[in-house]
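What follows is the content of work.pdb (PDB, C-alpha atoms and all ligand atoms).
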```pdb
ATOM      1  CA  MET A   1     112.745 118.567  97.483
ATOM      2  CA  ASN A   2     115.553 116.109  98.010
ATOM      3  CA  LEU A   3     116.283 117.685 101.350
ATOM      4  CA  SER A   4     112.623 117.408 102.255
ATOM      5  CA  LYS A   5     112.510 113.761 101.287
ATOM      6  CA  SER A   6     115.643 112.913 103.200
ATOM      7  CA  LYS A   7     114.216 114.669 106.241
ATOM      8  CA  THR A   8     111.112 112.537 106.003
ATOM      9  CA  PHE A   9     113.307 109.481 105.728
ATOM     10  CA  LEU A  10     115.275 110.521 108.771
ATOM     11  CA  THR A  11     112.077 111.261 110.662
ATOM     12  CA  TYR A  12     110.685 107.825 110.246
ATOM     13  CA  LEU A  13     114.049 106.197 110.619
ATOM     14  CA  GLY A  14     114.247 107.890 113.986
ATOM     15  CA  ILE A  15     110.750 106.815 114.886
ATOM     16  CA  ALA A  16     111.481 103.265 113.812
ATOM     17  CA  ILE A  17     114.560 103.225 115.997
ATOM     18  CA  ILE A  18     112.723 104.737 118.961
ATOM     19  CA  SER A  19     109.893 102.271 118.559
ATOM     20  CA  MET A  20     112.358  99.412 118.764
ATOM     21  CA  ALA A  21     114.117 100.558 121.891
ATOM     22  CA  GLY A  22     114.128  97.606 124.229
ATOM     23  CA  VAL A  23     113.272  95.243 121.410
ATOM     24  CA  TYR A  24     115.896  92.767 120.343
ATOM     25  CA  SER A  25     115.399  93.084 116.595
ATOM     26  CA  CYS A  26     117.411  95.039 114.103
ATOM     27  CA  THR A  27     116.645  97.523 111.345
ATOM     28  CA  SER A  28     117.608  97.208 107.723
ATOM     29  CA  SER A  29     116.751  98.940 104.498
ATOM     30  CA  ASP A  30     115.166  96.690 101.931
ATOM     31  CA  ASP A  31     115.408  96.878  98.149
ATOM     32  CA  ASP A  32     112.643  99.469  97.941
ATOM     33  CA  GLY A  33     114.285 101.840 100.389
ATOM     34  CA  GLY A  34     111.697 101.253 103.080
ATOM     35  CA  ILE A  35     112.429 100.489 106.688
ATOM     36  CA  THR A  36     111.921  96.968 107.900
ATOM     37  CA  THR A  37     111.400  96.386 111.556
ATOM     38  CA  ASP A  38     110.290  93.459 113.609
ATOM     39  CA  ASP A  39     107.038  94.398 115.252
ATOM     40  CA  GLY A  40     108.152  92.681 118.406
ATOM     41  CA  ASP A  41     105.117  90.489 118.838
ATOM     42  CA  GLY A  42     106.430  87.519 116.908
ATOM     43  CA  THR A  43     104.024  87.898 113.995
ATOM     44  CA  GLY A  44     106.715  88.908 111.548
ATOM     45  CA  THR A  45     108.037  92.057 110.010
ATOM     46  CA  THR A  46     106.276  95.308 109.277
ATOM     47  CA  GLU A  47     107.582  97.775 106.776
ATOM     48  CA  LEU A  48     106.909 101.474 106.446
ATOM     49  CA  HIS A  49     106.255 101.894 102.742
ATOM     50  CA  ALA A  50     108.932 103.719 100.744
ATOM     51  CA  ALA A  51     106.261 106.014  99.248
ATOM     52  CA  PHE A  52     105.883 107.779 102.593
ATOM     53  CA  ALA A  53     109.243 109.443 101.937
ATOM     54  CA  ASP A  54     107.475 111.608  99.319
ATOM     55  CA  PHE A  55     105.270 113.306 101.922
ATOM     56  CA  ASP A  56     106.333 116.768 103.080
ATOM     57  CA  SER A  57     108.124 116.266 106.374
ATOM     58  CA  ASN A  58     107.338 119.764 107.656
ATOM     59  CA  ASN A  59     103.596 119.223 107.388
ATOM     60  CA  VAL A  60     103.173 115.467 107.704
ATOM     61  CA  THR A  61     104.423 113.084 110.374
ATOM     62  CA  ILE A  62     104.373 109.358 109.640
ATOM     63  CA  MET A  63     104.668 106.879 112.458
ATOM     64  CA  LEU A  64     104.926 103.133 112.327
ATOM     65  CA  SER A  65     103.421 101.412 115.340
ATOM     66  CA  GLY A  66     103.417  97.653 115.121
ATOM     67  CA  THR A  67     101.399  96.790 112.025
ATOM     68  CA  THR A  68      99.710 100.214 111.966
ATOM     69  CA  VAL A  69     100.754 103.453 110.296
ATOM     70  CA  ILE A  70      99.621 106.751 111.792
ATOM     71  CA  ILE A  71      99.713 109.746 109.461
ATOM     72  CA  GLU A  72      99.314 113.150 111.046
ATOM     73  CA  SER A  73      99.161 116.427 109.128
ATOM     74  CA  ASN A  74      98.719 120.095 109.914
ATOM     75  CA  GLY A  75      96.703 120.378 106.687
ATOM     76  CA  LEU A  76      98.903 123.092 105.225
ATOM     77  CA  PRO A  77     100.146 122.784 101.624
ATOM     78  CA  ASN A  78     103.893 123.010 100.989
ATOM     79  CA  HIS A  79     103.355 125.065  97.831
ATOM     80  CA  THR A  80     102.176 128.470  96.675
ATOM     81  CA  SER A  81      98.511 129.444  96.454
ATOM     82  CA  PRO A  82      96.351 132.573  96.266
ATOM     83  CA  TYR A  83      94.616 131.116  99.332
ATOM     84  CA  TRP A  84      97.535 131.958 101.633
ATOM     85  CA  SER A  85      96.862 135.124 103.643
ATOM     86  CA  ASN A  86      97.270 138.269 101.581
ATOM     87  CA  THR A  87      96.630 141.979 101.592
ATOM     88  CA  THR A  88      93.430 141.874  99.526
ATOM     89  CA  ALA A  89      90.130 141.555 101.383
ATOM     90  CA  ARG A  90      87.432 139.582  99.594
ATOM     91  CA  SER A  91      83.856 138.509 100.201
ATOM     92  CA  ALA A  92      81.781 135.576  99.071
ATOM     93  CA  VAL A  93      78.127 134.644  99.397
ATOM     94  CA  ASP A  94      77.418 131.182 100.786
ATOM     95  CA  PRO A  95      74.570 128.942  99.569
ATOM     96  CA  MET A  96      72.317 130.356 102.299
ATOM     97  CA  GLY A  97      72.849 133.892 101.038
ATOM     98  CA  ASN A  98      75.158 135.012 103.839
ATOM     99  CA  THR A  99      78.063 137.248 102.904
ATOM    100  CA  LEU A 100      81.342 135.910 104.264
ATOM    101  CA  THR A 101      84.222 138.366 104.359
ATOM    102  CA  THR A 102      87.859 137.309 104.341
ATOM    103  CA  PRO A 103      89.809 140.262 105.750
ATOM    104  CA  ALA A 104      93.063 141.561 104.373
ATOM    105  CA  ALA A 105      96.264 140.603 106.152
ATOM    106  CA  ALA A 106      98.978 143.155 106.931
ATOM    107  CA  VAL A 107     101.429 141.405 104.624
ATOM    108  CA  ASN A 108     101.293 138.650 102.034
ATOM    109  CA  HIS A 109     102.273 135.192 103.256
ATOM    110  CA  PRO A 110     105.612 134.120 101.681
ATOM    111  CA  LEU A 111     103.806 131.401  99.712
ATOM    112  CA  TYR A 112     101.051 133.707  98.493
ATOM    113  CA  VAL A 113     100.718 134.150  94.712
ATOM    114  CA  ASP A 114      98.130 136.189  92.836
ATOM    115  CA  PRO A 115      95.107 134.232  91.612
ATOM    116  CA  THR A 116      95.417 133.166  87.983
ATOM    117  CA  VAL A 117      92.793 130.596  87.075
ATOM    118  CA  THR A 118      90.491 131.931  89.793
ATOM    119  CA  SER A 119      89.957 135.517  90.978
ATOM    120  CA  PHE A 120      89.392 137.301  94.265
ATOM    121  CA  ALA A 121      85.742 137.667  93.254
ATOM    122  CA  ASN A 122      85.395 133.909  92.772
ATOM    123  CA  MET A 123      87.555 132.653  95.620
ATOM    124  CA  ALA A 124      86.025 130.789  98.564
ATOM    125  CA  PRO A 125      86.034 132.427 102.007
ATOM    126  CA  GLY A 126      88.905 131.843 104.414
ATOM    127  CA  ASN A 127      92.651 131.694 103.881
ATOM    128  CA  ILE A 128      94.857 128.642 104.340
ATOM    129  CA  ASP A 129      96.398 129.997 107.522
ATOM    130  CA  ASP A 130      92.973 130.696 109.048
ATOM    131  CA  PHE A 131      92.501 126.970 109.536
ATOM    132  CA  ASN A 132      94.373 125.582 112.501
ATOM    133  CA  GLY A 133      94.398 122.095 111.137
ATOM    134  CA  SER A 134      95.114 118.802 112.786
ATOM    135  CA  TYR A 135      94.373 115.657 110.854
ATOM    136  CA  SER A 136      95.102 112.047 111.638
ATOM    137  CA  LEU A 137      94.663 108.893 109.596
ATOM    138  CA  THR A 138      95.435 105.451 110.973
ATOM    139  CA  ILE A 139      95.799 102.634 108.455
ATOM    140  CA  PRO A 140      97.183  99.112 108.359
ATOM    141  CA  ALA A 141     100.801  99.012 107.198
ATOM    142  CA  SER A 142      99.643  96.463 104.632
ATOM    143  CA  PRO A 143      96.124  97.496 103.522
ATOM    144  CA  THR A 144      93.898  94.938 101.847
ATOM    145  CA  LEU A 145      91.059  95.132  99.357
ATOM    146  CA  ALA A 146      87.571  94.888 100.853
ATOM    147  CA  THR A 147      85.060  92.291  99.743
ATOM    148  CA  SER A 148      82.872  95.137  98.498
ATOM    149  CA  SER A 149      83.574  98.780  97.731
ATOM    150  CA  SER A 150      82.132 101.666  99.740
ATOM    151  CA  SER A 151      81.315 105.214  98.779
ATOM    152  CA  THR A 152      83.315 108.207  99.914
ATOM    153  CA  GLY A 153      81.717 111.048 101.831
ATOM    154  CA  LEU A 154      82.110 114.772 102.273
ATOM    155  CA  GLY A 155      85.253 116.048 103.924
ATOM    156  CA  ALA A 156      88.751 114.635 103.708
ATOM    157  CA  ILE A 157      89.019 111.287 101.932
ATOM    158  CA  GLY A 158      92.788 111.335 101.634
ATOM    159  CA  ILE A 159      95.973 113.165 102.583
ATOM    160  CA  ALA A 160      98.135 114.615  99.816
ATOM    161  CA  VAL A 161     101.930 114.561  99.795
ATOM    162  CA  SER A 162     101.836 118.365 100.221
ATOM    163  CA  GLY A 163     100.165 118.071 103.624
ATOM    164  CA  SER A 164      96.701 119.210 102.541
ATOM    165  CA  MET A 165      93.549 117.150 102.230
ATOM    166  CA  ILE A 166      92.056 115.339  99.229
ATOM    167  CA  TYR A 167      88.277 115.616  98.731
ATOM    168  CA  ASN A 168      86.019 113.729  96.334
ATOM    169  CA  ASP A 169      83.954 115.186  93.487
ATOM    170  CA  GLU A 170      81.283 116.813  95.649
ATOM    171  CA  GLU A 171      81.401 120.298  97.116
ATOM    172  CA  GLY A 172      78.766 119.761  99.778
ATOM    173  CA  PRO A 173      75.404 118.158 100.444
ATOM    174  CA  ASN A 174      73.476 118.709  97.238
ATOM    175  CA  VAL A 175      76.196 121.085  96.045
ATOM    176  CA  PRO A 176      77.827 119.771  92.880
ATOM    177  CA  LEU A 177      81.481 120.540  92.355
ATOM    178  CA  ASP A 178      80.627 122.185  89.031
ATOM    179  CA  SER A 179      79.435 125.331  90.769
ATOM    180  CA  ALA A 180      82.617 125.591  92.837
ATOM    181  CA  VAL A 181      85.193 124.998  90.101
ATOM    182  CA  GLY A 182      85.573 128.743  89.584
ATOM    183  CA  SER A 183      86.965 129.086  93.097
ATOM    184  CA  LEU A 184      89.702 126.473  92.620
ATOM    185  CA  ASP A 185      93.261 127.783  92.380
ATOM    186  CA  TYR A 186      95.886 126.737  89.809
ATOM    187  CA  THR A 187      96.386 123.448  91.606
ATOM    188  CA  ALA A 188      92.651 122.685  91.849
ATOM    189  CA  ALA A 189      92.256 123.439  95.529
ATOM    190  CA  HIS A 190      90.317 125.903  97.618
ATOM    191  CA  THR A 191      89.470 126.526 101.219
ATOM    192  CA  GLY A 192      86.423 124.889 102.676
ATOM    193  CA  PRO A 193      84.622 124.515 105.937
ATOM    194  CA  GLN A 194      87.547 122.673 107.507
ATOM    195  CA  SER A 195      90.660 123.039 105.393
ATOM    196  CA  TYR A 196      92.363 123.838 102.127
ATOM    197  CA  HIS A 197      91.693 120.846  99.910
ATOM    198  CA  TYR A 198      92.074 119.443  96.389
ATOM    199  CA  HIS A 199      89.297 118.146  94.170
ATOM    200  CA  LEU A 200      91.066 117.887  90.816
ATOM    201  CA  GLU A 201      94.516 116.981  89.493
ATOM    202  CA  PRO A 202      96.819 119.019  91.785
ATOM    203  CA  LYS A 203      99.185 120.460  89.217
ATOM    204  CA  ALA A 204     101.550 121.828  91.864
ATOM    205  CA  PHE A 205     102.813 118.266  92.297
ATOM    206  CA  SER A 206     101.178 116.054  89.643
ATOM    207  CA  ASP A 207     100.614 117.258  86.102
ATOM    208  CA  ASP A 208      99.957 114.496  83.593
ATOM    209  CA  ASP A 209     102.616 112.305  85.207
ATOM    210  CA  ASP A 210     103.125 109.343  87.540
ATOM    211  CA  ALA A 211     103.942 111.353  90.681
ATOM    212  CA  LEU A 212     102.633 110.231  94.035
ATOM    213  CA  VAL A 213      99.613 112.384  94.897
ATOM    214  CA  GLY A 214      98.843 111.081  98.360
ATOM    215  CA  ILE A 215      97.144 108.342 100.300
ATOM    216  CA  ILE A 216      93.423 107.540 100.332
ATOM    217  CA  GLY A 217      91.623 106.758 103.579
ATOM    218  CA  ASP A 218      91.619 103.035 102.878
ATOM    219  CA  GLY A 219      95.404 103.018 102.999
ATOM    220  CA  PHE A 220      96.117 102.752  99.280
ATOM    221  CA  PHE A 221      98.350 105.293  97.569
ATOM    222  CA  ILE A 222      97.083 107.397  94.693
ATOM    223  CA  TYR A 223      99.328 108.422  91.819
ATOM    224  CA  GLY A 224      99.012 110.783  88.877
ATOM    225  CA  ARG A 225      97.309 109.826  85.643
ATOM    226  CA  LYS A 226     100.280 107.816  84.410
ATOM    227  CA  CYS A 227     101.731 104.662  85.928
ATOM    228  CA  ASN A 228     105.432 104.193  86.480
ATOM    229  CA  SER A 229     105.091 100.503  85.591
ATOM    230  CA  THR A 230     104.481 101.345  81.929
ATOM    231  CA  GLY A 231     105.333 105.037  81.702
ATOM    232  CA  THR A 232     101.906 105.836  80.312
ATOM    233  CA  TYR A 233      98.187 105.835  81.132
ATOM    234  CA  PRO A 234      97.113 102.499  82.592
ATOM    235  CA  THR A 235      94.451 100.623  80.652
ATOM    236  CA  ASP A 236      93.527  98.023  83.260
ATOM    237  CA  LEU A 237      91.951 100.217  85.943
ATOM    238  CA  ASP A 238      88.914  99.195  87.952
ATOM    239  CA  ALA A 239      85.900 101.438  88.607
ATOM    240  CA  SER A 240      87.864 103.393  91.217
ATOM    241  CA  GLY A 241      90.918 103.995  89.059
ATOM    242  CA  GLY A 242      92.863 101.242  90.807
ATOM    243  CA  HIS A 243      94.988  98.362  89.629
ATOM    244  CA  THR A 244      97.819  96.160  90.820
ATOM    245  CA  SER A 245     101.276  96.794  89.411
ATOM    246  CA  THR A 246     104.734  97.916  90.385
ATOM    247  CA  THR A 247     105.355 101.628  90.977
ATOM    248  CA  GLN A 248     108.433 103.796  91.447
ATOM    249  CA  HIS A 249     108.147 102.886  95.125
ATOM    250  CA  THR A 250     107.942  99.129  94.946
ATOM    251  CA  THR A 251     109.312  96.301  92.857
ATOM    252  CA  THR A 252     106.499  94.087  94.113
ATOM    253  CA  ALA A 253     103.162  94.616  92.354
ATOM    254  CA  GLU A 254     100.649  96.184  94.716
ATOM    255  CA  TYR A 255      97.219  97.777  94.523
ATOM    256  CA  HIS A 256      97.112 101.556  94.062
ATOM    257  CA  TYR A 257      94.889 104.221  92.534
ATOM    258  CA  HIS A 258      95.443 106.742  89.774
ATOM    259  CA  ILE A 259      93.844 110.138  89.137
ATOM    260  CA  GLU A 260      91.004 109.446  86.744
ATOM    261  CA  ASN A 261      92.244 110.138  83.194
ATOM    262  CA  THR A 262      88.812 111.254  81.968
ATOM    263  CA  THR A 263      88.187 114.926  81.378
ATOM    264  CA  TYR A 264      85.706 116.689  83.614
ATOM    265  CA  LEU A 265      84.122 119.875  82.219
ATOM    266  CA  ASN A 266      86.322 119.289  79.149
ATOM    267  CA  GLN A 267      89.573 120.243  80.864
ATOM    268  CA  TYR A 268      89.966 118.920  84.402
ATOM    269  CA  TYR A 269      90.715 115.556  85.958
ATOM    270  CA  ILE A 270      88.972 114.535  89.174
ATOM    271  CA  ILE A 271      91.395 113.017  91.678
ATOM    272  CA  PHE A 272      89.139 110.340  93.131
ATOM    273  CA  PRO A 273      85.522 110.174  91.965
ATOM    274  CA  GLY A 274      85.062 106.474  92.740
ATOM    275  CA  ASP A 275      84.488 104.259  95.744
ATOM    276  CA  TYR A 276      86.986 103.013  98.284
ATOM    277  CA  GLN A 277      88.132  99.574  97.206
ATOM    278  CA  GLY A 278      89.728  98.959 100.598
ATOM    279  CA  ILE A 279      88.386  99.353 104.097
ATOM    280  CA  PRO A 280      87.944 103.084 104.746
ATOM    281  CA  ASN A 281      89.360 104.777 107.822
ATOM    282  CA  ASN A 282      88.247 108.216 108.956
ATOM    283  CA  ILE A 283      90.534 111.197 108.657
ATOM    284  CA  GLN A 284      89.881 113.147 111.814
TER     285      GLN A 284
HETATM  286 ZN    ZN A 301      85.821 121.895  98.023
HETATM  287 ZN    ZN A 302      99.583 102.129  88.412
END
```
Could you quickly redo this structure as structure tokens?
Ligand SMILES: [Zn+2]
Ligand SMILES: [Zn+2]
Amino acid sequence: MNLSKSKTFLTYLGIAIISMAGVYSCTSSDDDGGITTDDGDGTGTTELHAAFADFDSNNVTIMLSGTTVIIESNGLPNHTSPYWSNTTARSAVDPMGNTLTTPAAAVNHPLYVDPTVTSFANMAPGNIDDFNGSYSLTIPASPTLATSSSSTGLGAIGIAVSGSMIYNDEEGPNVPLDSAVGSLDYTAAHTGPQSYHYHLEPKAFSDDDDALVGIIGDGFFIYGRKCNSTGTYPTDLDASGGHTSTTQHTTTAEYHYHIENTTYLNQYYIIFPGDYQGIPNNIQ
């Protein structure tokens, strides 16, 4: 993990240096461990947030370009799952009644683990490595709150630190998540039309803690159910699970979200059931 983080750091350090080639300014680390670089257009400095160092550097590439951050991911998770290719064929019936077969692979993927909280009979069609993912999210380096919130839609609404996508609390048009919970793996993810994605607290990297979970499409980070600023569950959250405080990544209070600390179906926690409080950008 430390190696992974340092690689991410080196990746964006390298990008920051490359982006400044031919520019007269210098680079320095600030108190938060982020990289500060003059954007070269005279409007001041732009910093790549220290939290980006928590993203898996094998799956996610983070680039700072002027006052914009471009996050690209292959969509693959950096952790184990029963949804990696494996030697057990399975079939599922889609809402239209079609049987979708996921064939057996010759060997188990190194990150494959047997299903525990789900089962082959309940798993969604398609394995992680069947999806040749390419996802890109472009956000302002310093996102701002919008004058009014906006609802999230189907598909990716955020990118997790693992490399995979974050979805909201819907499984499809007129398909409530409730009916799909049985297909979620131990870290509350399954495969879908476009990618492996999380709906609920992703226990592979956030389990009742303050860990960084990922970034939402409006550019704000989302953390686990606890906040580093107090060490416990925040009590001042808005309707989207957001508030402004310090985190483990910044000594300056800033807006961020938390996984909703309200049980869903008596045992789960939905990552992001609310609206965007910032200006949403598409993950494409
Ligand atoms: Zn889903
Ligand atoms: Zn917080």
Write out as a ChimeraX atom specification each polymer residue (protein, DNA or RNA) that has an atom no more than 9 Å from ligand ZN 302 (chain A), with only C-alpha atoms and all ligand atoms counted.
/A:210,222-230,233-234,236-237,241-247,254-258
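Closest to ligand ZN 301 (chain A) among A:Arg90, A:His249, A:His197, A:Lys203 is A:His197, based on all atoms listed in the file.
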How close does each residue of chain A get to ligand ZN 301 (chain A), giving the shortest atom pair and distance in Å to one decimal for every residue with an atom at most 7 Å away, counting all atoms listed in the file, sorted by chain and residue number, as a Markdown table?
```
| residue | atom | partner | partner_atom | distance |
| --- | --- | --- | --- | --- |
| A:Tyr167 | CA | A:ZN301 | ZN | 6.8 |
| A:Glu171 | CA | A:ZN301 | ZN | 4.8 |
| A:His190 | CA | A:ZN301 | ZN | 6.0 |
| A:Thr191 | CA | A:ZN301 | ZN | 6.7 |
| A:Gly192 | CA | A:ZN301 | ZN | 5.6 |
| A:His197 | CA | A:ZN301 | ZN | 6.3 |
| A:Tyr198 | CA | A:ZN301 | ZN | 6.9 |
| A:His199 | CA | A:ZN301 | ZN | 6.4 |
```
For the selection just defined, write its residues with C-alpha atoms to a file, as a PDB file, in the frame of the given file.
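Dumped to result.pdb:
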```
ATOM      1  CA  TYR A 167      88.277 115.616  98.731  1.00  0.00           C
ATOM      2  CA  GLU A 171      81.401 120.298  97.116  1.00  0.00           C
ATOM      3  CA  HIS A 190      90.317 125.903  97.618  1.00  0.00           C
ATOM      4  CA  THR A 191      89.470 126.526 101.219  1.00  0.00           C
ATOM      5  CA  GLY A 192      86.423 124.889 102.676  1.00  0.00           C
ATOM      6  CA  HIS A 197      91.693 120.846  99.910  1.00  0.00           C
ATOM      7  CA  TYR A 198      92.074 119.443  96.389  1.00  0.00           C
ATOM      8  CA  HIS A 199      89.297 118.146  94.170  1.00  0.00           C
TER       9      HIS A 199
END
```
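Minimum atom-to-atom distance to Ala156 (chain A), evaluated using all atoms listed in the file, belongs to A:Gln194 out of A:Asn261, A:Gln194, A:Asn122, A:Thr250.
Computed from the coordinates, the CA of Trp84 (chain A) to CA of Pro193 (chain A) distance equals 15.5 Å.
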Would you kindly translate the PyMOL selection byres (((chain A and resi 88) around 8) and not hetatm) into the concrete residues it picks from this file, as a PyMOL selection string?
chain A and resi 86-87+89-90+103-105
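Residue nearest Ser162 (chain A) within the list A:Asp218, A:Glu72, A:Asp114, A:Asp56: A:Asp56 [criterion: smallest interatomic distance, all atoms listed in the file].
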Evaluated on this file, the PyMOL selection byres (((chain A and resi 146) around 9) and not hetatm) picks out some residues - which ones are they, written as a list in words?
Thr144, Leu145, Thr147, Ser148, Ser149, Ser150, Tyr276, Gln277, Gly278 and Ile279 of chain A
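CA of Asp238 (chain A) is positioned 12.2 Å from CA of Pro273 (chain A).
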Counting all atoms listed in the file, closest pick from A:Ser183, A:Thr99, A:Gln248, A:Thr80 relative to Phe221 (chain A) is A:Gln248
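For the residues A:Tyr83, A:Tyr268, A:Phe131, A:Phe55, ranking by smallest atom-to-atom distance to Leu111 (chain A) using all atoms listed in the file places A:Tyr83 first.
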Extract, using all atoms listed in the file, all DNA, RNA and protein residues at most 10 Å from Gly75 (chain A), discarding same-chain residues fewer than 2 positions from it, and format them as an mmCIF file with C-alpha atoms, keeping the file's coordinate frame.
```
data_model
loop_
_atom_site.group_PDB
_atom_site.id
_atom_site.type_symbol
_atom_site.label_atom_id
_atom_site.label_comp_id
_atom_site.auth_asym_id
_atom_site.auth_seq_id
_atom_site.Cartn_x
_atom_site.Cartn_y
_atom_site.Cartn_z
ATOM 1 C CA ASN A 59 103.596 119.223 107.388
ATOM 2 C CA VAL A 60 103.173 115.467 107.704
ATOM 3 C CA GLU A 72 99.314 113.150 111.046
ATOM 4 C CA SER A 73 99.161 116.427 109.128
ATOM 5 C CA PRO A 77 100.146 122.784 101.624
ATOM 6 C CA ASN A 78 103.893 123.010 100.989
ATOM 7 C CA ILE A 128 94.857 128.642 104.340
ATOM 8 C CA ASP A 129 96.398 129.997 107.522
ATOM 9 C CA PHE A 131 92.501 126.970 109.536
ATOM 10 C CA ASN A 132 94.373 125.582 112.501
ATOM 11 C CA GLY A 133 94.398 122.095 111.137
ATOM 12 C CA SER A 134 95.114 118.802 112.786
ATOM 13 C CA TYR A 135 94.373 115.657 110.854
ATOM 14 C CA SER A 136 95.102 112.047 111.638
ATOM 15 C CA ILE A 159 95.973 113.165 102.583
ATOM 16 C CA ALA A 160 98.135 114.615 99.816
ATOM 17 C CA SER A 162 101.836 118.365 100.221
ATOM 18 C CA GLY A 163 100.165 118.071 103.624
ATOM 19 C CA SER A 164 96.701 119.210 102.541
ATOM 20 C CA MET A 165 93.549 117.150 102.230
ATOM 21 C CA GLN A 194 87.547 122.673 107.507
ATOM 22 C CA SER A 195 90.660 123.039 105.393
ATOM 23 C CA TYR A 196 92.363 123.838 102.127
ATOM 24 C CA HIS A 197 91.693 120.846 99.910
#
```
Kindly indicate which residue among A:Leu212, A:Ile283, A:Leu48, A:Val181 lies nearest to Val117 (chain A), using only C-alpha atoms for the distances.
A:Val181
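Here CA of Thr116 (chain A) and CA of Ser206 (chain A) stand 18.1 Å from one another.
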Evaluating the PyMOL selection byres (((chain A and resi 101) around 6) and not hetatm) on the displayed file yields which residues, as a VMD selection string?
chain A and resid 90 to 91 100 102
For the selection just defined, write its residues with C-alpha atoms to a file, as a short mmCIF file (atom, residue, chain, number, x, y, z; two decimals), in the coordinates of the input.
```
data_model
loop_
_atom_site.label_atom_id
_atom_site.label_comp_id
_atom_site.auth_asym_id
_atom_site.auth_seq_id
_atom_site.Cartn_x
_atom_site.Cartn_y
_atom_site.Cartn_z
CA ARG A 90 87.43 139.58 99.59
CA SER A 91 83.86 138.51 100.20
CA LEU A 100 81.34 135.91 104.26
CA THR A 102 87.86 137.31 104.34
#
```
Compile the contact shell of Phe272 (chain A) as a list in words: residues with an atom at most 7 Å away, counting all atoms listed in the file, same-chain residues fewer than 2 positions apart removed.
Asn168, Ile259, Glu260, Ile270 and Gly274 of chain A
Using all atoms of region 256-272 of chain A listed in the file and a margin of 3 Å per side, can you give the axis-aligned box centre and edge lengths in Å to one decimal, as lines of an AutoDock Vina configuration file?
```
center_x = 90.6
center_y = 110.9
center_z = 86.6
size_x = 19.0
size_y = 24.7
size_z = 20.9
```
